[in-house]
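Have a look at the structure below before the remarks.
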Amino acid sequence: QKRMGIPFLYLRIKRRKSMALGIVIFVLGLYFLSSFVWFIEVTGNRHYSSAEVLGVAAEAGLKQGVLKKQLKPKIIEKVIQECLPDISWVGVTVKGTKVVVETVEKTQVKKEKNENHAHVIAKKTGIVKEILVINGQAVVREEDTVVPGQILISGTPEQGQSAGEAKKPLYVHAKGIVSARVWYNGYGEAYLKEKGQRYTGRTATRLILKIGFKELRINPSGIPFTKYKKEV
């Protein structure tokens with residue numbers, strides 16, 4: 001008759017000291033290796049290359065093979081932002097033996113190349129609620145109703161030279177912000193009843209000690225649920 005249980009398993013392992021020693025060394029080796037950083041990933045960078053970001057991070061102490069407990073994420077983030085001014089935010093996250101450097105670069109505002117004569121026109125039908133003129137002359141007022149294609153800010157404001165003389169147009173590139181109330185129509189359909197899965201949050205744990213091809217159940221009680229999702 002085969003003997004089962006933790007005491008008998010302990011006796012079998014005791015007889016095989018070399019195997020037990022190998023398991024201990026293997027576990028200690030994994031723990032030792034997991035204390036170092038082996039992988040570094042840079043995300044969100046466009047203007048700067050990953051090599052540039054990693055080079056600056058290395059100066060702050062982040063590089064492959066360094067102990068995780070020696071890392072100072074806040075200092076690394078500060079150094080990267082100071083050395084790479086186009087980066088507005090940096091986040092350094094340690095995930096096991098991997099470090100992720102998340103970056104957000106500043107949005108480069110493109111300068112307006114076309115400064116020729118132009119108007120600001122309405123794109124949709126709506127009621128004007130607010131108008132801010134940066135360049136040009138407003139031709140509508142608040143609470144006016146506008147239609148697509150209607151001029152809101154003119155790029156041809158009139159300018160008089162002196163009293164009694166005819167006004168001459170001054171052509172400019174109109175700029176400004178016009179806020180209006182607009183209307184949108186939408187349509188959608190949905191079922192009155194739908195079937196799906198909703199987790200209850202209840203869990204049950206079973207402990208199994210596996211050595212080679214053999215398994216030993218520590219708590220042999222069964223799963224108290226009829227439907228469940230299994231995670232190992």
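Convention: chains lettered A, B, ... in structure tokens order; per-chain residue numbering from 1; ligands numbered from 1 as shown.
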Segment 85-97 of chain A: which residues within 6 Å, counting only C-alpha atoms, same-chain residues fewer than 6 positions away excluded, as a PyMOL selection string? chain A and resi 34+37-38+73+77+103-106
Check segment 52-154 of chain A with DSSP on the backbone and list each residue it calls helix (DSSP H, G or I), as a list of chain:residue names.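 Across segment 52-154 of chain A, those assigned helix (DSSP H, G or I) are A:Glu52, A:Val53, A:Leu54, A:Gly55, A:Val56, A:Ala57, A:Ala58, A:Glu59, A:Lys68, A:Lys69, A:Gln70, A:Pro73, A:Lys74, A:Ile75, A:Ile76, A:Glu77, A:Lys78, A:Val79, A:Ile80, A:Gln81, A:Glu82, A:Cys83.
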I want to know what sits within 10 Å of Ala58 of chain A, based on only C-alpha atoms, with residues of the same chain fewer than 6 positions away left out; could you give that as an NGL selection string? :A and (52 or 64 or 76 or 80)
To test your reading of the structure, identify every residue in chain A that backbone DSSP assigns to strand (DSSP E), and report it as a PyMOL selection string. chain A and resi 39-43+87-95+98-105+120-121+126-135+137-138+145-146+151-154+158-159+168-169+175-181+208-211+214-217
Go ahead and dump the residues you just picked, C-alpha atoms, as a PDB file, in the first residue's frame.
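Final file, part_18.pdb:
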```
ATOM      1  CA  PHE A  39      14.831  44.782 -19.051  1.00  0.00           C
ATOM      2  CA  ILE A  40      14.089  48.490 -19.634  1.00  0.00           C
ATOM      3  CA  GLU A  41      11.299  49.699 -21.924  1.00  0.00           C
ATOM      4  CA  VAL A  42      10.674  53.280 -23.072  1.00  0.00           C
ATOM      5  CA  THR A  43       7.183  54.280 -24.230  1.00  0.00           C
ATOM      6  CA  ILE A  87       9.368  65.859 -22.275  1.00  0.00           C
ATOM      7  CA  SER A  88       6.595  67.253 -20.071  1.00  0.00           C
ATOM      8  CA  TRP A  89       6.002  64.158 -17.886  1.00  0.00           C
ATOM      9  CA  VAL A  90       7.937  61.005 -16.981  1.00  0.00           C
ATOM     10  CA  GLY A  91       6.856  57.954 -15.020  1.00  0.00           C
ATOM     11  CA  VAL A  92       9.235  55.185 -13.924  1.00  0.00           C
ATOM     12  CA  THR A  93       7.522  51.926 -12.921  1.00  0.00           C
ATOM     13  CA  VAL A  94       9.201  48.730 -11.710  1.00  0.00           C
ATOM     14  CA  LYS A  95       7.444  45.542 -12.853  1.00  0.00           C
ATOM     15  CA  LYS A  98      11.473  45.031 -15.940  1.00  0.00           C
ATOM     16  CA  VAL A  99      11.367  48.823 -15.660  1.00  0.00           C
ATOM     17  CA  VAL A 100       8.989  50.835 -17.842  1.00  0.00           C
ATOM     18  CA  VAL A 101       9.837  54.482 -18.537  1.00  0.00           C
ATOM     19  CA  GLU A 102       6.663  56.235 -19.687  1.00  0.00           C
ATOM     20  CA  THR A 103       7.140  59.632 -21.331  1.00  0.00           C
ATOM     21  CA  VAL A 104       4.769  62.329 -22.530  1.00  0.00           C
ATOM     22  CA  GLU A 105       6.298  64.860 -24.888  1.00  0.00           C
ATOM     23  CA  VAL A 120     -13.307  82.630 -40.286  1.00  0.00           C
ATOM     24  CA  ILE A 121     -16.515  80.948 -41.443  1.00  0.00           C
ATOM     25  CA  GLY A 126     -26.010  77.176 -34.722  1.00  0.00           C
ATOM     26  CA  ILE A 127     -26.568  80.101 -32.374  1.00  0.00           C
ATOM     27  CA  VAL A 128     -23.487  82.161 -31.486  1.00  0.00           C
ATOM     28  CA  LYS A 129     -22.835  82.194 -27.739  1.00  0.00           C
ATOM     29  CA  GLU A 130     -19.370  83.697 -27.514  1.00  0.00           C
ATOM     30  CA  ILE A 131     -16.935  85.301 -29.931  1.00  0.00           C
ATOM     31  CA  LEU A 132     -13.288  86.221 -29.381  1.00  0.00           C
ATOM     32  CA  VAL A 133     -11.516  88.099 -32.170  1.00  0.00           C
ATOM     33  CA  ILE A 134      -7.734  87.760 -32.364  1.00  0.00           C
ATOM     34  CA  ASN A 135      -7.286  89.257 -35.806  1.00  0.00           C
ATOM     35  CA  GLN A 137     -13.355  92.097 -37.481  1.00  0.00           C
ATOM     36  CA  ALA A 138     -16.417  90.289 -36.128  1.00  0.00           C
ATOM     37  CA  THR A 145     -28.102  82.384 -35.903  1.00  0.00           C
ATOM     38  CA  VAL A 146     -25.489  81.346 -38.451  1.00  0.00           C
ATOM     39  CA  ILE A 151     -18.513  84.676 -42.425  1.00  0.00           C
ATOM     40  CA  LEU A 152     -18.060  85.057 -38.669  1.00  0.00           C
ATOM     41  CA  ILE A 153     -14.814  87.033 -38.522  1.00  0.00           C
ATOM     42  CA  SER A 154     -13.902  89.002 -41.603  1.00  0.00           C
ATOM     43  CA  GLU A 158     -12.355  98.618 -43.268  1.00  0.00           C
ATOM     44  CA  GLN A 159      -9.911 101.284 -42.170  1.00  0.00           C
ATOM     45  CA  LYS A 168      -9.916 101.434 -47.734  1.00  0.00           C
ATOM     46  CA  PRO A 169      -9.962  97.700 -46.994  1.00  0.00           C
ATOM     47  CA  LYS A 175      -8.241  84.569 -36.475  1.00  0.00           C
ATOM     48  CA  GLY A 176     -10.490  84.025 -33.503  1.00  0.00           C
ATOM     49  CA  ILE A 177     -12.640  81.657 -31.470  1.00  0.00           C
ATOM     50  CA  VAL A 178     -16.400  81.434 -31.959  1.00  0.00           C
ATOM     51  CA  SER A 179     -18.513  79.243 -29.675  1.00  0.00           C
ATOM     52  CA  ALA A 180     -22.042  78.342 -30.691  1.00  0.00           C
ATOM     53  CA  ARG A 181     -24.869  76.041 -29.720  1.00  0.00           C
ATOM     54  CA  ILE A 208      -1.549  21.748  -4.323  1.00  0.00           C
ATOM     55  CA  LEU A 209       2.096  20.790  -3.839  1.00  0.00           C
ATOM     56  CA  LYS A 210       3.531  19.541  -7.131  1.00  0.00           C
ATOM     57  CA  ILE A 211       6.836  17.687  -7.299  1.00  0.00           C
ATOM     58  CA  LYS A 214       3.079  14.040  -8.595  1.00  0.00           C
ATOM     59  CA  GLU A 215       0.549  16.322  -6.928  1.00  0.00           C
ATOM     60  CA  LEU A 216      -0.356  16.518  -3.257  1.00  0.00           C
ATOM     61  CA  ARG A 217      -3.509  18.378  -2.239  1.00  0.00           C
TER      62      ARG A 217
END
```
Between atom CA of Val53 of chain A and atom CA of Ser35 of chain A, distance in Å (one decimal): 23.2 Å
